[in-house]
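Structure data follow from coords.cif (mmCIF, C-alpha atoms):
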```cif
data_query
loop_
_atom_site.label_atom_id
_atom_site.label_comp_id
_atom_site.auth_asym_id
_atom_site.auth_seq_id
_atom_site.Cartn_x
_atom_site.Cartn_y
_atom_site.Cartn_z
CA GLN K 1162 -48.75 -118.62 -24.91
CA ASP K 1163 -49.33 -121.92 -26.69
CA HIS K 1164 -53.13 -121.97 -26.80
CA PHE K 1165 -54.84 -125.26 -27.60
CA GLY K 1166 -51.51 -127.10 -27.44
CA GLY K 1167 -51.80 -130.63 -28.79
CA ILE K 1168 -55.14 -130.21 -30.55
CA THR K 1169 -53.74 -127.65 -33.03
CA THR K 1170 -51.49 -130.35 -34.51
CA SER K 1171 -54.23 -133.00 -34.60
CA LYS K 1172 -54.52 -135.25 -37.66
CA ARG K 1173 -58.18 -134.22 -37.69
CA VAL K 1174 -57.37 -130.89 -39.35
CA GLY K 1175 -59.84 -128.09 -38.71
CA ILE K 1176 -60.12 -124.37 -38.00
CA LEU K 1177 -57.89 -124.62 -34.91
CA ASN K 1178 -55.01 -125.93 -37.06
CA VAL K 1179 -55.48 -122.94 -39.36
CA GLY K 1180 -54.88 -120.61 -36.40
CA MET K 1181 -51.43 -122.18 -36.02
CA ASN K 1182 -50.63 -122.31 -39.75
CA PRO K 1183 -52.98 -121.02 -42.49
CA SER K 1184 -51.61 -123.53 -45.04
CA GLU K 1185 -53.37 -126.30 -43.06
CA LEU K 1186 -56.63 -125.13 -44.67
CA SER K 1187 -55.77 -127.30 -47.67
CA ASN K 1188 -55.71 -130.34 -45.34
CA LEU K 1189 -59.22 -129.88 -43.90
CA LYS K 1190 -60.62 -133.25 -42.81
CA SER K 1191 -64.15 -132.36 -43.93
CA LYS K 1192 -65.35 -130.38 -46.91
CA PHE K 1193 -67.03 -127.90 -44.58
CA GLU K 1194 -66.45 -127.01 -40.92
CA VAL K 1195 -68.33 -124.70 -38.58
CA GLN K 1196 -66.56 -123.36 -35.48
CA LEU K 1197 -69.11 -122.99 -32.70
CA PHE K 1198 -66.99 -122.03 -29.69
CA SER K 1199 -63.51 -122.55 -28.26
CA THR K 1200 -61.73 -120.96 -25.33
CA SER K 1201 -58.29 -121.26 -23.77
CA ILE K 1202 -56.89 -119.69 -20.60
CA ASN K 1203 -53.27 -119.92 -19.51
CA VAL K 1204 -51.62 -118.64 -16.32
CA ALA K 1205 -47.82 -119.00 -16.23
CA ASN K 1206 -45.08 -117.55 -14.04
CA ASP K 1207 -41.55 -118.18 -12.80
CA LYS K 1208 -42.18 -117.83 -9.05
CA ILE K 1209 -45.05 -119.80 -7.56
CA GLY K 1210 -46.70 -123.19 -8.05
CA PHE K 1211 -50.09 -124.37 -9.27
CA LYS K 1212 -51.48 -124.69 -5.73
CA ASP K 1213 -50.69 -121.03 -5.06
CA ILE K 1214 -52.16 -119.90 -8.41
CA THR K 1215 -55.48 -121.63 -7.67
CA SER K 1216 -55.63 -120.72 -3.95
CA ASP K 1217 -57.18 -117.68 -2.24
CA THR K 1218 -53.76 -116.43 -1.10
CA ASN K 1219 -52.84 -112.87 -2.06
CA LEU K 1220 -50.61 -113.45 -5.10
CA GLU K 1221 -48.82 -110.13 -4.60
CA ASN K 1222 -47.39 -111.44 -1.35
CA LEU K 1223 -46.10 -114.57 -3.08
CA ILE K 1224 -44.74 -113.46 -6.44
CA PHE K 1225 -42.58 -110.65 -5.03
CA GLN K 1226 -40.56 -112.95 -2.80
CA GLY K 1227 -36.90 -113.83 -3.38
CA ASN K 1228 -34.44 -111.92 -5.54
CA GLU K 1229 -35.05 -113.11 -9.11
CA PRO K 1230 -37.15 -110.80 -11.37
CA VAL K 1231 -40.84 -111.66 -11.68
CA ASN K 1232 -42.52 -112.78 -14.91
CA PHE K 1233 -46.23 -113.49 -14.65
CA ASN K 1234 -48.61 -113.96 -17.59
CA ILE K 1235 -52.37 -114.38 -17.82
CA ASP K 1236 -53.42 -115.07 -21.39
CA THR K 1237 -56.94 -115.87 -22.62
CA GLU K 1238 -58.17 -116.55 -26.14
CA PHE K 1239 -61.81 -116.85 -27.21
CA LEU K 1240 -62.75 -118.25 -30.61
CA GLY K 1241 -66.14 -117.13 -31.80
CA PRO K 1242 -68.14 -118.31 -34.82
CA GLY K 1243 -66.08 -119.40 -37.81
CA PHE K 1244 -66.48 -121.25 -41.10
CA ALA K 1245 -64.05 -123.15 -43.34
CA MET K 1246 -64.42 -125.02 -46.61
CA LYS K 1247 -62.47 -126.86 -49.30
CA LEU K 1248 -63.03 -126.06 -52.96
CA LEU K 1249 -60.99 -127.90 -55.60
CA ASN K 1250 -57.33 -127.36 -54.59
CA TRP K 1251 -58.19 -124.41 -52.34
CA GLY K 1252 -59.25 -123.91 -48.76
CA PHE K 1253 -61.02 -120.84 -47.36
CA ALA K 1254 -61.98 -119.74 -43.84
CA ILE K 1255 -63.50 -116.85 -41.89
CA THR K 1256 -62.70 -116.76 -38.16
CA THR K 1257 -63.32 -114.51 -35.15
CA LYS K 1258 -61.20 -114.24 -32.00
CA GLY K 1259 -60.97 -112.25 -28.80
CA HIS K 1260 -57.77 -111.84 -26.77
CA VAL K 1261 -57.23 -110.75 -23.15
CA LYS K 1262 -53.69 -110.54 -21.74
CA ALA K 1263 -52.11 -109.28 -18.53
CA ASP K 1264 -48.35 -109.46 -17.96
CA ILE K 1265 -45.65 -108.67 -15.43
CA VAL K 1266 -42.30 -108.53 -17.24
CA ASP K 1267 -38.90 -108.62 -15.47
CA VAL K 1268 -40.08 -106.69 -12.37
CA ASP K 1269 -37.58 -106.46 -9.50
CA THR K 1270 -39.01 -108.24 -6.46
CA ASN K 1271 -37.97 -105.55 -3.97
CA LEU K 1272 -39.50 -102.78 -6.08
CA GLY K 1273 -42.68 -104.80 -6.59
CA ALA K 1274 -42.98 -105.67 -2.88
CA ALA K 1275 -42.41 -102.04 -1.88
CA LEU K 1276 -45.11 -100.72 -4.21
CA THR K 1277 -47.75 -103.37 -3.47
CA ASN K 1278 -47.07 -104.60 0.06
CA SER K 1279 -45.01 -101.79 1.66
CA THR K 1280 -42.19 -104.26 2.33
CA ILE K 1281 -38.75 -105.13 1.00
CA ASN K 1282 -37.18 -108.57 0.93
CA SER K 1283 -33.79 -107.46 2.17
CA SER K 1284 -33.04 -108.08 5.86
CA ALA K 1285 -31.00 -104.86 6.01
CA ASP K 1286 -32.42 -101.37 6.52
CA GLY K 1287 -32.60 -100.79 2.78
CA VAL K 1288 -31.86 -102.13 -0.67
CA THR K 1289 -30.27 -100.59 -3.75
CA ILE K 1290 -31.73 -101.57 -7.12
CA ALA K 1291 -29.90 -101.27 -10.44
CA ASN K 1292 -31.98 -102.82 -13.22
CA THR K 1293 -31.04 -102.23 -16.86
CA SER K 1294 -34.11 -103.98 -18.31
CA ASN K 1295 -37.50 -102.39 -18.90
CA GLN K 1296 -39.72 -103.55 -16.04
CA ARG K 1297 -43.32 -103.64 -17.25
CA ILE K 1298 -46.87 -104.17 -16.08
CA ASN K 1299 -49.01 -104.49 -19.18
CA SER K 1300 -52.62 -105.35 -20.02
CA THR K 1301 -54.22 -105.61 -23.45
CA SER K 1302 -57.51 -106.73 -24.97
CA TRP K 1303 -58.39 -106.87 -28.65
CA GLY K 1304 -60.51 -108.71 -31.18
CA GLU K 1305 -59.81 -109.91 -34.67
CA VAL K 1306 -61.61 -111.19 -37.76
CA GLY K 1307 -59.50 -113.41 -40.02
CA PHE K 1308 -59.84 -114.24 -43.71
CA SER K 1309 -57.73 -117.24 -44.70
CA ALA K 1310 -56.90 -118.96 -47.98
CA ALA K 1311 -54.65 -121.91 -48.76
CA HIS K 1312 -53.70 -123.66 -51.99
CA LYS K 1313 -52.22 -127.02 -52.92
CA ILE K 1314 -49.16 -125.95 -54.90
CA PHE K 1315 -47.60 -129.36 -55.64
CA GLU K 1316 -48.64 -133.01 -55.41
CA ASN K 1317 -47.52 -136.36 -56.74
CA ASP K 1318 -47.76 -139.96 -55.49
CA LYS K 1319 -45.36 -139.37 -52.59
CA ASN K 1320 -45.27 -135.63 -51.84
CA LEU K 1321 -47.67 -132.78 -51.12
CA ILE K 1322 -46.93 -129.08 -50.54
CA ASN K 1323 -49.47 -126.46 -49.41
CA ALA K 1324 -49.17 -122.72 -48.79
CA GLY K 1325 -51.56 -120.35 -47.07
CA VAL K 1326 -52.14 -116.85 -45.77
CA THR K 1327 -54.46 -115.17 -43.26
CA LEU K 1328 -55.35 -111.47 -43.28
CA LYS K 1329 -56.56 -110.24 -39.89
CA LEU K 1330 -58.67 -107.17 -39.25
CA LEU K 1331 -57.82 -105.94 -35.75
CA PHE K 1332 -60.20 -104.27 -33.30
CA PRO K 1333 -58.18 -102.84 -30.38
CA GLY K 1334 -60.21 -102.78 -27.17
CA SER K 1335 -58.20 -101.58 -24.18
CA PHE K 1336 -54.56 -101.12 -23.19
CA ALA K 1337 -52.52 -100.19 -20.12
CA ASN K 1338 -48.75 -100.10 -19.69
CA VAL K 1339 -46.39 -98.95 -16.97
CA GLY K 1340 -42.76 -99.36 -18.00
CA THR K 1341 -39.69 -98.51 -15.92
CA GLY K 1342 -36.46 -98.61 -17.91
CA ASP K 1343 -32.92 -98.38 -16.52
CA PHE K 1344 -34.18 -98.09 -12.95
CA ASN K 1345 -31.61 -97.11 -10.30
CA GLY K 1346 -32.49 -96.21 -6.73
CA THR K 1347 -32.35 -97.03 -3.04
CA ILE K 1348 -35.36 -98.07 -0.96
CA THR K 1349 -35.08 -97.46 2.79
CA THR K 1350 -37.29 -96.96 5.85
CA ASP K 1351 -37.62 -93.44 7.29
CA SER K 1352 -38.28 -92.36 10.91
CA ASN K 1353 -42.03 -92.84 10.44
CA ASN K 1354 -41.44 -96.42 9.31
CA ASP K 1355 -42.50 -95.53 5.76
CA LEU K 1356 -40.68 -96.88 2.72
CA ILE K 1357 -38.97 -94.13 0.74
CA LEU K 1358 -37.10 -94.04 -2.56
CA THR K 1359 -33.89 -91.99 -2.74
CA ASN K 1360 -31.06 -91.38 -5.24
CA ALA K 1361 -33.23 -92.65 -8.06
CA ASN K 1362 -33.48 -92.21 -11.80
CA ALA K 1363 -35.41 -94.07 -14.48
CA TYR K 1364 -37.15 -93.70 -17.82
CA LEU K 1365 -40.94 -94.16 -17.43
CA ASN K 1366 -43.69 -94.95 -19.90
CA ILE K 1367 -47.35 -94.63 -18.91
CA ALA K 1368 -49.96 -95.47 -21.54
CA TYR K 1369 -53.64 -96.31 -21.37
CA SER K 1370 -56.73 -96.62 -23.51
CA GLY K 1371 -60.32 -97.78 -23.08
CA SER K 1372 -61.63 -99.38 -19.90
CA LEU K 1373 -58.13 -100.01 -18.50
CA ALA K 1374 -57.51 -96.27 -18.08
CA ASP K 1375 -59.13 -96.19 -14.64
CA SER K 1376 -58.61 -99.72 -13.32
CA PHE K 1377 -56.99 -103.00 -14.30
CA SER K 1378 -57.62 -105.19 -11.25
CA ASN K 1379 -61.08 -106.60 -12.07
CA THR K 1380 -62.02 -109.10 -14.77
CA SER K 1381 -64.72 -106.76 -16.09
CA ASP K 1382 -62.05 -104.13 -16.81
CA TYR K 1383 -60.78 -106.39 -19.61
CA THR K 1384 -63.87 -108.15 -20.93
CA GLN K 1385 -66.16 -105.15 -21.36
CA SER K 1386 -64.23 -103.84 -24.36
CA VAL K 1387 -62.49 -106.74 -26.10
CA PHE K 1388 -63.75 -105.61 -29.52
CA GLY K 1389 -63.20 -101.92 -30.25
CA ASN K 1390 -63.23 -100.13 -33.59
CA LEU K 1391 -61.38 -101.46 -36.63
CA ASN K 1392 -57.88 -99.99 -36.39
CA GLY K 1393 -55.18 -102.43 -37.44
CA LEU K 1394 -54.06 -105.20 -39.77
CA ALA K 1395 -51.96 -108.33 -39.32
CA THR K 1396 -50.91 -111.29 -41.44
CA ASP K 1397 -50.05 -114.97 -40.95
CA ILE K 1398 -48.22 -116.91 -43.66
CA GLY K 1399 -47.33 -120.59 -43.71
CA VAL K 1400 -46.38 -123.70 -45.68
CA ASN K 1401 -46.58 -127.43 -44.98
CA TYR K 1402 -45.09 -130.51 -46.61
CA GLN K 1403 -46.33 -134.11 -46.42
CA LEU K 1404 -44.55 -137.34 -47.20
CA LYS K 1405 -47.67 -139.24 -48.18
CA ASP K 1406 -48.80 -142.65 -46.94
CA GLY K 1407 -51.58 -143.39 -49.40
CA ASP K 1408 -54.21 -140.89 -50.55
CA LYS K 1409 -55.58 -139.82 -47.15
CA SER K 1410 -52.68 -140.02 -44.70
CA TYR K 1411 -48.98 -139.27 -44.34
CA LYS K 1412 -45.82 -140.71 -42.87
CA LEU K 1413 -44.44 -137.25 -42.06
CA LYS K 1414 -45.82 -133.71 -42.06
CA ILE K 1415 -43.64 -130.64 -41.58
CA GLY K 1416 -45.06 -127.14 -41.24
CA ALA K 1417 -43.73 -123.62 -40.73
CA ALA K 1418 -45.53 -120.32 -40.22
CA ILE K 1419 -44.93 -116.73 -39.16
CA LYS K 1420 -47.88 -115.39 -37.19
CA ASN K 1421 -49.12 -111.96 -36.11
CA MET K 1422 -47.09 -109.72 -38.39
CA GLY K 1423 -48.77 -106.39 -37.78
CA SER K 1424 -49.91 -103.77 -35.30
CA MET K 1425 -52.99 -101.88 -34.14
CA THR K 1426 -53.57 -98.27 -33.18
CA PHE K 1427 -55.33 -97.31 -29.96
CA LYS K 1428 -57.50 -94.21 -30.16
CA GLY K 1429 -60.16 -92.67 -27.94
CA ASP K 1430 -61.11 -89.86 -25.60
CA GLU K 1431 -59.28 -91.40 -22.65
CA ASN K 1432 -56.18 -92.34 -24.58
CA ILE K 1433 -52.59 -91.30 -23.94
CA SER K 1434 -48.99 -92.46 -24.03
CA ARG K 1435 -46.49 -90.36 -22.08
CA ASN K 1436 -42.77 -90.79 -21.43
CA TYR K 1437 -41.27 -89.31 -18.26
CA ASN K 1438 -37.84 -88.99 -16.70
CA LEU K 1439 -37.67 -89.79 -12.97
CA ASP K 1440 -34.92 -88.01 -11.03
CA ILE K 1441 -34.56 -87.97 -7.22
CA LYS K 1442 -31.34 -86.37 -5.98
CA GLY K 1443 -29.47 -85.69 -2.73
CA ASN K 1444 -31.71 -85.51 0.32
CA GLU K 1445 -34.90 -85.74 -1.73
CA SER K 1446 -37.16 -88.79 -1.33
CA LEU K 1447 -40.44 -90.23 -2.63
CA ASN K 1448 -42.74 -91.97 -0.12
CA LEU K 1449 -43.68 -95.28 -1.77
CA ASP K 1450 -46.54 -95.96 0.64
CA VAL K 1451 -48.68 -93.43 -1.23
CA PHE K 1452 -49.05 -95.96 -4.06
CA ASN K 1453 -51.03 -98.26 -1.74
CA ASP K 1454 -54.08 -96.04 -2.19
CA THR K 1455 -53.91 -95.85 -5.98
CA ASN K 1456 -56.65 -97.47 -8.04
CA GLY K 1457 -55.67 -97.65 -11.66
CA ILE K 1458 -53.04 -96.28 -13.94
CA LYS K 1459 -54.33 -92.69 -13.86
CA ASP K 1460 -53.88 -92.56 -10.09
CA ILE K 1461 -50.32 -93.87 -10.43
CA GLU K 1462 -49.52 -91.16 -12.97
CA ASN K 1463 -51.06 -88.44 -10.80
CA VAL K 1464 -48.99 -89.48 -7.77
CA LEU K 1465 -45.79 -89.36 -9.82
CA VAL K 1466 -46.58 -85.99 -11.42
CA ASN K 1467 -47.62 -84.42 -8.12
CA SER K 1468 -44.43 -85.63 -6.47
CA GLY K 1469 -42.44 -83.20 -8.61
CA TYR K 1470 -39.78 -85.82 -9.36
CA VAL K 1471 -40.84 -86.63 -12.92
CA THR K 1472 -40.52 -84.44 -16.00
CA LEU K 1473 -42.43 -85.04 -19.22
CA ASP K 1474 -40.24 -86.12 -22.13
CA ASN K 1475 -42.90 -86.59 -24.83
CA SER K 1476 -46.59 -87.37 -25.17
CA LYS K 1477 -48.94 -88.63 -27.88
CA LYS K 1478 -52.69 -89.12 -28.04
CA ASP K 1479 -52.79 -92.15 -30.36
CA PHE K 1480 -50.23 -94.92 -30.29
CA LYS K 1481 -49.45 -98.18 -32.09
CA VAL K 1482 -49.01 -101.53 -30.37
CA LYS K 1483 -47.22 -104.44 -32.02
CA LEU K 1484 -48.76 -107.89 -32.02
CA PRO K 1485 -46.73 -110.83 -30.60
CA THR K 1486 -45.07 -112.02 -33.81
CA VAL K 1487 -43.92 -115.65 -33.55
CA PHE K 1488 -42.33 -118.28 -35.77
CA ASN K 1489 -43.90 -121.75 -35.57
CA LEU K 1490 -42.14 -124.91 -36.73
CA TYR K 1491 -43.54 -128.42 -36.26
CA ALA K 1492 -43.21 -132.00 -37.48
CA ASP K 1493 -45.74 -134.83 -37.09
CA LEU K 1494 -44.29 -138.31 -37.54
CA LYS K 1495 -46.22 -141.56 -37.90
CA ILE K 1496 -44.58 -144.08 -35.53
CA ILE K 1497 -46.93 -146.99 -36.13
CA SER K 1498 -50.55 -147.21 -37.21
CA LYS K 1499 -52.71 -144.95 -35.01
CA LEU K 1500 -49.67 -143.58 -33.09
CA ASN K 1501 -47.97 -140.29 -33.99
CA LEU K 1502 -45.32 -138.10 -32.38
CA THR K 1503 -45.44 -134.32 -32.84
CA LEU K 1504 -42.57 -131.87 -32.25
CA PHE K 1505 -43.53 -128.20 -32.01
CA MET K 1506 -41.47 -125.03 -31.51
CA GLN K 1507 -42.56 -121.43 -31.01
CA GLN K 1508 -39.96 -118.66 -31.25
CA LYS K 1509 -40.87 -115.05 -30.53
CA MET K 1510 -39.61 -112.55 -33.10
CA ASN K 1511 -39.51 -109.43 -30.89
CA SER K 1512 -38.33 -108.59 -27.38
CA ASN K 1513 -40.94 -108.35 -24.61
CA ASN K 1514 -39.18 -105.26 -23.20
CA GLY K 1515 -40.68 -102.77 -25.65
CA ASN K 1516 -43.47 -100.65 -24.15
CA ASP K 1517 -45.42 -100.97 -27.42
CA GLN K 1518 -44.99 -104.75 -27.62
CA ILE K 1519 -47.56 -107.41 -26.67
CA THR K 1520 -45.61 -110.26 -25.11
CA ALA K 1521 -44.95 -113.82 -26.33
CA GLN K 1522 -42.94 -116.76 -24.97
CA ASN K 1523 -40.48 -119.19 -26.51
CA MET K 1524 -41.48 -122.81 -26.10
CA PHE K 1525 -40.92 -126.34 -27.35
CA SER K 1526 -43.19 -129.38 -26.97
CA VAL K 1527 -43.19 -133.11 -27.65
CA THR K 1528 -46.63 -134.72 -28.03
CA PRO K 1529 -47.32 -138.43 -28.49
CA ARG K 1530 -50.88 -139.03 -29.67
CA VAL K 1531 -53.22 -141.92 -30.39
CA SER K 1532 -55.66 -141.26 -33.24
CA LEU K 1533 -58.61 -143.62 -33.67
CA GLY K 1534 -60.65 -141.56 -36.09
CA TYR K 1535 -63.58 -140.36 -33.99
CA PHE K 1536 -61.48 -140.42 -30.81
CA GLU K 1537 -58.01 -138.99 -30.14
CA ALA K 1538 -55.88 -138.66 -26.99
CA TYR K 1539 -52.51 -136.97 -26.50
CA VAL K 1540 -49.96 -136.08 -23.80
CA PRO K 1541 -48.07 -132.81 -24.51
CA VAL K 1542 -44.77 -132.28 -22.68
CA SER K 1543 -43.73 -128.62 -22.99
CA PHE K 1544 -40.71 -126.49 -22.14
CA ASN K 1545 -41.70 -122.83 -21.65
CA GLU K 1546 -39.20 -120.02 -20.97
CA VAL K 1547 -41.43 -118.63 -18.21
CA SER K 1548 -42.98 -121.64 -16.43
CA GLY K 1549 -40.39 -124.31 -17.26
CA THR K 1550 -41.37 -127.93 -17.93
CA THR K 1551 -45.04 -128.95 -17.95
CA GLY K 1552 -46.91 -132.12 -18.81
CA GLY K 1553 -50.54 -132.22 -19.87
CA PHE K 1554 -53.33 -134.35 -21.27
CA GLY K 1555 -56.09 -133.82 -23.80
CA PHE K 1556 -58.63 -135.70 -25.86
CA ARG K 1557 -60.99 -135.21 -28.77
CA LEU K 1558 -64.34 -136.93 -29.21
CA GLY K 1559 -65.68 -136.08 -32.64
CA GLY K 1560 -65.76 -132.30 -32.81
CA PHE K 1561 -65.54 -131.77 -29.04
CA PHE K 1562 -62.16 -131.41 -27.33
CA LEU K 1563 -60.86 -130.76 -23.82
CA GLY K 1564 -57.28 -130.49 -22.62
CA SER K 1565 -54.53 -128.86 -20.61
CA ASN K 1566 -50.81 -128.42 -21.23
CA SER K 1567 -50.02 -128.62 -17.51
CA ILE K 1568 -52.58 -130.77 -15.68
CA LEU K 1569 -50.22 -133.71 -15.05
CA THR K 1570 -47.33 -131.67 -13.62
CA ALA K 1571 -49.76 -129.38 -11.75
CA LEU K 1572 -51.18 -132.35 -9.85
CA THR K 1573 -47.91 -134.22 -9.32
CA SER K 1574 -45.17 -131.60 -8.93
CA ASP K 1575 -46.95 -128.24 -8.34
CA SER K 1576 -45.79 -126.70 -11.65
CA LYS K 1577 -45.75 -122.95 -12.27
CA GLN K 1578 -48.49 -123.07 -14.87
CA ALA K 1579 -52.25 -123.61 -14.89
CA ASP K 1580 -54.18 -123.80 -18.15
CA LEU K 1581 -57.33 -125.27 -19.65
CA TYR K 1582 -58.94 -125.25 -23.08
CA THR K 1583 -62.11 -126.65 -24.58
CA GLY K 1584 -64.32 -126.21 -27.62
CA PHE K 1585 -66.57 -127.71 -30.26
CA ARG K 1586 -66.51 -127.57 -34.05
CA TRP K 1587 -68.66 -129.45 -36.55
CA GLY K 1588 -67.26 -130.88 -39.77
CA PHE K 1589 -69.47 -132.36 -42.47
CA LEU K 1590 -69.27 -133.82 -46.00
#
```
Could you write out this structure as structure tokens?
Amino acid sequence: QDHFGGITTSKRVGILNVGMNPSELSNLKSKFEVQLFSTSINVANDKIGFKDITSDTNLENLIFQGNEPVNFNIDTEFLGPGFAMKLLNWGFAITTKGHVKADIVDVDTNLGAALTNSTINSSADGVTIANTSNQRINSTSWGEVGFSAAHKIFENDKNLINAGVTLKLLFPGSFANVGTGDFNGTITTDSNNDLILTNANAYLNIAYSGSLADSFSNTSDYTQSVFGNLNGLATDIGVNYQLKDGDKSYKLKIGAAIKNMGSMTFKGDENISRNYNLDIKGNESLNLDVFNDTNGIKDIENVLVNSGYVTLDNSKKDFKVKLPTVFNLYADLKIISKLNLTLFMQQKMNSNNGNDQITAQNMFSVTPRVSLGYFEAYVPVSFNEVSGTTGGFGFRLGGFFLGSNSILTALTSDSKQADLYTGFRWGFL
């Protein structure tokens, strides 16, 4: 997701800008900056509106309606203590972050409704599903410590070019994945009024590690093990160019960065990744109602194995998970004094269908902003491949900031996204 959208392209450059593009370290507004806290949470989907997301209604009953596949993302980012500084033509920073993600990716609504609510959306006695994508339910938590450096590589009266890099030490916490690739099957109702699956075949992946091995329905399942042991590396690289407007401002700034190039390995006592083949032939059938009593990914696996309809293809104790690599491109244009317009694009570099892939979304945003030094206000308008068009509002007062990418459309048009971010950092000298 686009965390801290709007504030990460602020003219008051700080540690948050470095998270978007490490080359921004050379543009730090203050000589020193201390990151005290920042947090961002984003809930986006392609099925239901803001009022449903924030209500007490059972979301499972809502998201598995209709016929279009379901995509639902909950993405949270916590920024812990951090420090940045400028020294001559260099910038340096140390940052800490925690990530918690839960995703539903391309899940067929009839299959989802059958497994969670013991219903199907079809008005007929049954429904046949033929889905060539990899339907996934995935949850991941991990922490990272970043070491960033940036350098001013060229400057004259009119132009400035900076380059930067961040090396991230990754601390995988917990992971759970259920993937169903190339699913074919028919769901019908038997004489006992139970939902059964017949004439089915699919390629299954079941993987888990840490606290998500037993359950993934409670918040504590994710937060109790965000930081695990050091077991992965990742890199961000970036450049930015400025068409200068005096010594301390610019008429135009253009930046580009590739983020999260790397992976982490999950290890532990309760740690496994298994691939199965599902095959139900002829008069055979699997009662889907038995999944209603499952509590966690281990229970799901046990039901499948005990059914006798899955055969183990391969298994491994430790497994790698790829970070959500994205390409960022942005331009900040001075319209008139105190008024800027920012264009931002995020393009994911990998498909979300891979069982070992943490998800990302493509997006584009346009953000007009008023910058008055100590105070700044902005209105991001975003186009996200999952939640569609959203409009938000945010402001900065000194080092404190508060904003949302979707608050305006959530209140006026019941958009399919709800998000909020806030934080405080202190720059001095």
Can you list, as a PyMOL selection string, the residues that the PyMOL selection byres ((chain K and resi 1254-1258) around 8) selects here? chain K and resi 1176+1186+1238-1246+1252-1253+1259-1260+1304-1310
Okay, now the selection with C-alpha atoms, as a PDB file, in the coordinates of the input?
```pdb
ATOM      1  CA  ILE K1176     -60.120-124.370 -38.000  1.00  0.00           C
ATOM      2  CA  LEU K1186     -56.630-125.130 -44.670  1.00  0.00           C
ATOM      3  CA  GLU K1238     -58.170-116.550 -26.140  1.00  0.00           C
ATOM      4  CA  PHE K1239     -61.810-116.850 -27.210  1.00  0.00           C
ATOM      5  CA  LEU K1240     -62.750-118.250 -30.610  1.00  0.00           C
ATOM      6  CA  GLY K1241     -66.140-117.130 -31.800  1.00  0.00           C
ATOM      7  CA  PRO K1242     -68.140-118.310 -34.820  1.00  0.00           C
ATOM      8  CA  GLY K1243     -66.080-119.400 -37.810  1.00  0.00           C
ATOM      9  CA  PHE K1244     -66.480-121.250 -41.100  1.00  0.00           C
ATOM     10  CA  ALA K1245     -64.050-123.150 -43.340  1.00  0.00           C
ATOM     11  CA  MET K1246     -64.420-125.020 -46.610  1.00  0.00           C
ATOM     12  CA  GLY K1252     -59.250-123.910 -48.760  1.00  0.00           C
ATOM     13  CA  PHE K1253     -61.020-120.840 -47.360  1.00  0.00           C
ATOM     14  CA  GLY K1259     -60.970-112.250 -28.800  1.00  0.00           C
ATOM     15  CA  HIS K1260     -57.770-111.840 -26.770  1.00  0.00           C
ATOM     16  CA  GLY K1304     -60.510-108.710 -31.180  1.00  0.00           C
ATOM     17  CA  GLU K1305     -59.810-109.910 -34.670  1.00  0.00           C
ATOM     18  CA  VAL K1306     -61.610-111.190 -37.760  1.00  0.00           C
ATOM     19  CA  GLY K1307     -59.500-113.410 -40.020  1.00  0.00           C
ATOM     20  CA  PHE K1308     -59.840-114.240 -43.710  1.00  0.00           C
ATOM     21  CA  SER K1309     -57.730-117.240 -44.700  1.00  0.00           C
ATOM     22  CA  ALA K1310     -56.900-118.960 -47.980  1.00  0.00           C
TER      23      ALA K1310
END
```
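Picked out by the PyMOL selection byres ((chain K and resi 1194) around 7) when it runs on this file: Ser1191, Lys1192, Phe1193, Val1195, Gln1196, Phe1244, Ala1245, Met1246, Arg1586, Trp1587, Gly1588 and Phe1589 of chain K.
Selection by the PyMOL selection byres ((chain K and resi 1179) around 10) on the present file picks out K:Thr1169, K:Thr1170, K:Val1174, K:Gly1175, K:Ile1176, K:Leu1177, K:Asn1178, K:Gly1180, K:Met1181, K:Asn1182, K:Pro1183, K:Ser1184, K:Glu1185, K:Leu1186, K:Ser1187, K:Asn1188, K:Leu1189, K:Ala1245, K:Phe1253, K:Ala1254, K:Thr1256, K:Ser1309, K:Ala1310, K:Ala1311, K:Gly1325, K:Val1326, K:Thr1327, K:Asp1397, K:Gly1399.
Summary of the local environment: counting only C-alpha atoms, residues at most 9 Å from K:Leu1581, other than itself and those fewer than 2 positions away along its chain, are His1164, Phe1165, Thr1200, Ser1201, Ile1202, Asn1203, Leu1563, Gly1564, Ser1565, Asn1566, Ser1567, Ile1568, Ala1579 and Thr1583 of chain K.
Distance check against K:Arg1557 using only C-alpha atoms: of K:Asn1444, K:Ser1532, K:Asn1516, K:Thr1573, the minimum falls on K:Ser1532.
All protein, DNA and RNA residues at most 9 Å from (-45.3, -138.9, -51.3) are Glu1316, Asn1317, Asp1318, Lys1319, Asn1320, Leu1321, Gln1403, Leu1404, Lys1405, Asp1406, Gly1407, Tyr1411 and Lys1412 of chain K, using all atoms listed in the file.
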Please determine, counting all atoms listed in the file, which residue among K:Thr1396, K:Ser1410, K:Ser1352, K:Thr1486 has the shortest atom-to-atom distance to K:Asn1513. K:Thr1486
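Remark: for K:Gln1578, the closest of the candidate residues K:Asp1236, K:Asp1474, K:Asp1460, K:Glu1221 is K:Asp1236 (distances computed over only C-alpha atoms).
Between atom CA of K:Ile1298 and atom CA of K:Gly1371 there is a distance of 16.5 Å.
Nearest-residue note for K:Arg1435: choosing from K:Ser1548, K:Asn1456, K:Ser1199, K:Ser1476, the minimum distance belongs to K:Ser1476, counting all atoms listed in the file.
The residue that comes closest to K:Ser1294, out of K:Leu1413, K:Ile1209, K:Ala1368, K:Val1266 and on the basis of all atoms listed in the file, is K:Val1266.
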